[in-house]
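**Q** One structure coming up, written as structure tokens, with questions to follow.
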Amino acid sequence: MGRVYLKLTDGKWDEVEKSDFWIDEALLTKLNNLQKIQKKGWDGVIIVDGKERSGKSVLGMVMGWYLSNGKMTINNFARGLEDCANKIATLPDKSVLIVDEGSLAFSSKDSMSSVQKRLMKLLDVVGQKNMIFIVCLPCFFDLNKTIAVRRSLWLCHVYPDDDYDRGQYAFWGEHGKKVLYGEGKKNFDSYLGAEPEFVGQYLDFEPTFYKEYLEIVKKESLQEVMQDALDTNKTVNKAVIETEALVYGYLIEHNIMTVNEICKIKDQAQQTISTRYALYKNLKAI
């Protein structure tokens with residue numbers, strides 16, 4: 001895939017023979033199409049996912065830098081739901097907002113909660129303000145179906161090459177990511193359920209505010225993740241544990257799955273599964 005080298009001239013991008021900033025031709029076409037529909041009063045939600053430290057935030061910044069005509073600052077980043085609300089309220093119409101480590105706000109476990117309802121209201125405001133929303137998170141399949149399939153325009157999945165070098169991504173458009181989501185949810189979050197529309201490379205990009213980004217956005221995101229983990233641990237209640245016990249117990253008792261198989265799928269310790277099974281037998285005896 002060919003690279004298009006770009007240079008800002010009087011606030012607009014010009015294609016040049018060589019520069020320090022480039023975007024793959026196919027992705028650039030998608031970004032230009034997004035700008036066209038934005039001018040007609042539409043918003044755009046883009047998903048960028050990949051394992052931790054795989055470079056998804058960098059690709060998000062490349063796209064955001066282009067879409068903002070190089071005007072993006074640290075204020076165009078949000079960390080959690082409250083920060084999203086503040087940024088949406090204060091940023092001008094048609095702005096770009098990057099939600100870094102978006103799993104804090106978009107996890108499917110919140111799909112029926114007040115948090116998710118607030119999130120959907122925020123996305124409605126994004127639509128009214130014709131904003132472009134770039135969500136960076138570890139796994140596309142952690143999103144609820146409404147956001148992953150209906151509300152977003154496309155998915156870029158970043159991944160390292162065979163030598164673990166960053167800089168590669170696969171692209172799925174609206175139809176492709178719909179198929180991918182359905183197949184992946186059935187196959188343990190596999191990205192093999194639908195062929196990507198194209199694959200490409202992206203620039204290892206550092207905008208002028210990159211050091212500030214590392215100090216503020218990344219550090220505060222880490223603190224919020226840790227706090228979220230603590231809060232989640234505190235709120236695991238009796239009903240959740242009993243539900244797990246009933247499900248795990250049924251699977252084990254009817255020889256549908258073994259303890260080790262459940263461990264692998266649920267990413268829980270063997271002792272946890274065994275404890276749930278013991279609780280299941282006690283619940284049955286009541």
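In the structure tokens, chains take the letters A, B, ... in the order shown, each chain's residues start at 1, and ligands count up from 1 in the order shown.
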Can you tell me which residues surround range 45-53 of chain A at a distance of at most 9 Å, considering only C-alpha atoms, apart from same-chain residues fewer than 6 positions away, and format the answer as a ChimeraX atom specification?
**A** /A:59-60,123,131-140,147-148,151-159
**Q** For N, CA and C atoms, I'd like the residues from the last selection saved as an mmCIF file, in the first residue's frame.
**A**
data_model
loop_
_atom_site.group_PDB
_atom_site.id
_atom_site.type_symbol
_atom_site.label_atom_id
_atom_site.label_comp_id
_atom_site.auth_asym_id
_atom_site.auth_seq_id
_atom_site.Cartn_x
_atom_site.Cartn_y
_atom_site.Cartn_z
ATOM 1 N N LEU A 59 -1.623 5.460 16.575
ATOM 2 C CA LEU A 59 -2.457 5.498 15.379
ATOM 3 C C LEU A 59 -3.627 6.464 15.587
ATOM 4 N N GLY A 60 -4.199 6.465 16.779
ATOM 5 C CA GLY A 60 -5.271 7.407 17.078
ATOM 6 C C GLY A 60 -4.807 8.849 16.919
ATOM 7 N N LEU A 123 -22.801 10.195 23.551
ATOM 8 C CA LEU A 123 -22.615 9.964 22.121
ATOM 9 C C LEU A 123 -23.668 10.712 21.302
ATOM 10 N N MET A 131 -18.964 15.928 16.128
ATOM 11 C CA MET A 131 -17.597 15.636 16.560
ATOM 12 C C MET A 131 -17.115 14.296 16.005
ATOM 13 N N ILE A 132 -15.811 14.128 15.975
ATOM 14 C CA ILE A 132 -15.198 12.851 15.632
ATOM 15 C C ILE A 132 -14.614 12.268 16.915
ATOM 16 N N PHE A 133 -15.054 11.075 17.230
ATOM 17 C CA PHE A 133 -14.735 10.388 18.483
ATOM 18 C C PHE A 133 -13.818 9.221 18.155
ATOM 19 N N ILE A 134 -12.573 9.217 18.624
ATOM 20 C CA ILE A 134 -11.637 8.112 18.384
ATOM 21 C C ILE A 134 -11.418 7.379 19.706
ATOM 22 N N VAL A 135 -11.875 6.138 19.766
ATOM 23 C CA VAL A 135 -11.809 5.349 20.992
ATOM 24 C C VAL A 135 -10.647 4.364 20.913
ATOM 25 N N CYS A 136 -9.691 4.474 21.828
ATOM 26 C CA CYS A 136 -8.551 3.557 21.887
ATOM 27 C C CYS A 136 -8.728 2.636 23.092
ATOM 28 N N LEU A 137 -8.806 1.340 22.850
ATOM 29 C CA LEU A 137 -9.015 0.389 23.945
ATOM 30 C C LEU A 137 -8.372 -0.952 23.599
ATOM 31 N N PRO A 138 -8.155 -1.818 24.593
ATOM 32 C CA PRO A 138 -7.438 -3.064 24.332
ATOM 33 C C PRO A 138 -8.151 -4.052 23.419
ATOM 34 N N CYS A 139 -9.499 -4.144 23.512
ATOM 35 C CA CYS A 139 -10.182 -5.186 22.735
ATOM 36 C C CYS A 139 -11.535 -4.719 22.236
ATOM 37 N N PHE A 140 -11.720 -4.768 20.936
ATOM 38 C CA PHE A 140 -12.967 -4.407 20.263
ATOM 39 C C PHE A 140 -14.155 -5.172 20.831
ATOM 40 N N ILE A 147 -22.451 0.091 20.437
ATOM 41 C CA ILE A 147 -21.326 0.942 20.070
ATOM 42 C C ILE A 147 -20.464 0.269 19.004
ATOM 43 N N ALA A 148 -20.179 -1.017 19.200
ATOM 44 C CA ALA A 148 -19.275 -1.722 18.284
ATOM 45 C C ALA A 148 -19.855 -1.848 16.879
ATOM 46 N N ARG A 151 -22.993 2.107 16.272
ATOM 47 C CA ARG A 151 -22.612 3.512 16.466
ATOM 48 C C ARG A 151 -21.272 3.878 15.839
ATOM 49 N N SER A 152 -20.391 2.911 15.630
ATOM 50 C CA SER A 152 -19.053 3.219 15.105
ATOM 51 C C SER A 152 -18.990 3.008 13.595
ATOM 52 N N LEU A 153 -18.057 3.726 12.968
ATOM 53 C CA LEU A 153 -17.891 3.656 11.516
ATOM 54 C C LEU A 153 -16.897 2.592 11.090
ATOM 55 N N TRP A 154 -15.776 2.507 11.796
ATOM 56 C CA TRP A 154 -14.792 1.500 11.412
ATOM 57 C C TRP A 154 -13.897 1.128 12.587
ATOM 58 N N LEU A 155 -13.164 0.026 12.386
ATOM 59 C CA LEU A 155 -12.230 -0.496 13.385
ATOM 60 C C LEU A 155 -10.845 -0.608 12.773
ATOM 61 N N CYS A 156 -9.842 -0.104 13.502
ATOM 62 C CA CYS A 156 -8.439 -0.354 13.172
ATOM 63 C C CYS A 156 -7.836 -1.186 14.302
ATOM 64 N N HIS A 157 -7.386 -2.380 13.978
ATOM 65 C CA HIS A 157 -6.772 -3.268 14.965
ATOM 66 C C HIS A 157 -5.259 -3.243 14.771
ATOM 67 N N VAL A 158 -4.526 -2.718 15.746
ATOM 68 C CA VAL A 158 -3.069 -2.642 15.631
ATOM 69 C C VAL A 158 -2.438 -3.900 16.215
ATOM 70 N N TYR A 159 -1.295 -4.280 15.658
ATOM 71 C CA TYR A 159 -0.635 -5.502 16.115
ATOM 72 C C TYR A 159 0.848 -5.438 15.743
#
**Q** Compile the contact shell of Gln35 in chain A as a ChimeraX atom specification: residues with an atom at most 8 Å away, counting only C-alpha atoms, same-chain residues fewer than 4 positions apart removed.
**A** /A:31,39,67
**Q** Once DSSP has gone over the backbone, tell me which residues of range 108-213 of chain A are in strand (DSSP E or B), as number ranges by chain.
**A** A: 132-137, 143, 154-159, 168-172, 198-201
**Q** Mind giving me the straight-line distance from CA of Lys121 in chain A to CA of Asn144 in chain A in Å, one decimal?
**A** 14.9 Å
**Q** Quick one: residues within 10 Å of range 17-22 of chain A, only C-alpha atoms counted, chain neighbours fewer than 2 positions away excluded, as a CSV table (one decimal) with N, CA and C atoms, in the first residue's frame?
**A**
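File produced: around24.csv:
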chain,number,residue,atom,x,y,z
A,2,GLY,N,0.5,2.2,-0.8
A,2,GLY,CA,1.3,3.4,-1.0
A,2,GLY,C,1.1,4.4,0.2
A,3,ARG,N,2.2,5.1,0.5
A,3,ARG,CA,2.1,6.1,1.6
A,3,ARG,C,1.9,7.5,0.9
A,4,VAL,N,1.1,8.3,1.5
A,4,VAL,CA,0.9,9.7,1.0
A,4,VAL,C,1.6,10.6,2.0
A,5,TYR,N,2.6,11.3,1.6
A,5,TYR,CA,3.3,12.3,2.4
A,5,TYR,C,2.5,13.6,2.4
A,6,LEU,N,2.4,14.2,3.6
A,6,LEU,CA,1.6,15.4,3.8
A,6,LEU,C,2.3,16.5,4.5
A,7,LYS,N,1.9,17.7,4.1
A,7,LYS,CA,2.5,18.9,4.8
A,7,LYS,C,1.4,19.9,4.9
A,8,LEU,N,1.4,20.6,6.1
A,8,LEU,CA,0.5,21.6,6.4
A,8,LEU,C,0.9,22.9,5.8
A,14,ASP,N,-1.3,19.5,2.2
A,14,ASP,CA,-0.9,19.3,0.8
A,14,ASP,C,-0.2,18.0,0.7
A,15,GLU,N,-0.4,17.3,-0.4
A,15,GLU,CA,0.4,16.1,-0.7
A,15,GLU,C,1.7,16.5,-1.3
A,24,ASP,N,-1.2,6.0,5.1
A,24,ASP,CA,-1.5,5.0,4.0
A,24,ASP,C,-2.6,5.6,3.1
A,25,GLU,N,-2.5,5.3,1.8
A,25,GLU,CA,-3.4,5.9,0.9
A,25,GLU,C,-4.9,5.4,1.2
A,28,LEU,N,-6.1,7.1,4.3
A,28,LEU,CA,-6.3,8.6,4.0
A,28,LEU,C,-7.7,8.8,3.3
A,62,VAL,N,-2.3,9.9,15.0
A,62,VAL,CA,-2.1,10.1,13.6
A,62,VAL,C,-3.4,10.6,12.9
A,65,TRP,N,-4.6,14.0,14.3
A,65,TRP,CA,-3.7,15.1,13.9
A,65,TRP,C,-4.1,15.5,12.4
A,66,TYR,N,-4.4,14.5,11.6
A,66,TYR,CA,-4.8,14.8,10.2
A,66,TYR,C,-6.2,15.5,10.2
A,202,TYR,N,1.5,2.4,10.0
A,202,TYR,CA,1.2,3.8,10.4
A,202,TYR,C,2.5,4.4,11.0
A,203,LEU,N,2.6,5.7,10.9
A,203,LEU,CA,3.8,6.4,11.3
A,203,LEU,C,3.9,6.4,12.8
A,204,ASP,N,5.2,6.2,13.3
A,204,ASP,CA,5.5,6.3,14.7
A,204,ASP,C,5.5,7.8,15.1
A,205,PHE,N,4.3,8.4,15.4
A,205,PHE,CA,4.1,9.8,15.4
A,205,PHE,C,4.2,10.3,16.8
**Q** If we count only C-alpha atoms, what is near range 92-96 of chain A at a cut-off of 7 Å, once residues fewer than 2 positions away on the same chain are taken out, given as a list in words?
**A**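 Here the qualifying residues turn out to be Gly64, Ser68, Asn76, Thr90, Ile98, Lys129, Asn130, Met131, Ile132 and Phe133 of chain A.
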**Q** Convert the current residue selection to file output with C-alpha atoms, as a PDB file, in the first residue's frame.
**A**
ATOM      1  CA  GLY A  64      -6.624  12.902  14.988  1.00  0.00           C
ATOM      2  CA  SER A  68      -7.845  18.392  13.096  1.00  0.00           C
ATOM      3  CA  ASN A  76      -8.445  16.713  22.683  1.00  0.00           C
ATOM      4  CA  THR A  90     -16.030  22.576  26.203  1.00  0.00           C
ATOM      5  CA  ILE A  98      -9.619  10.839  21.517  1.00  0.00           C
ATOM      6  CA  LYS A 129     -21.879  18.708  17.801  1.00  0.00           C
ATOM      7  CA  ASN A 130     -20.651  16.862  14.669  1.00  0.00           C
ATOM      8  CA  MET A 131     -17.597  15.636  16.560  1.00  0.00           C
ATOM      9  CA  ILE A 132     -15.198  12.851  15.632  1.00  0.00           C
ATOM     10  CA  PHE A 133     -14.735  10.388  18.483  1.00  0.00           C
TER      11      PHE A 133
END
**Q** Going by DSSP on the backbone, which bits of range 2-215 of chain A are alpha helix (DSSP H)? Write them as a PyMOL selection string, please.
**A** chain A and resi 25-39+56-67+81-90+103-106+114-128+145+174-186+210-213
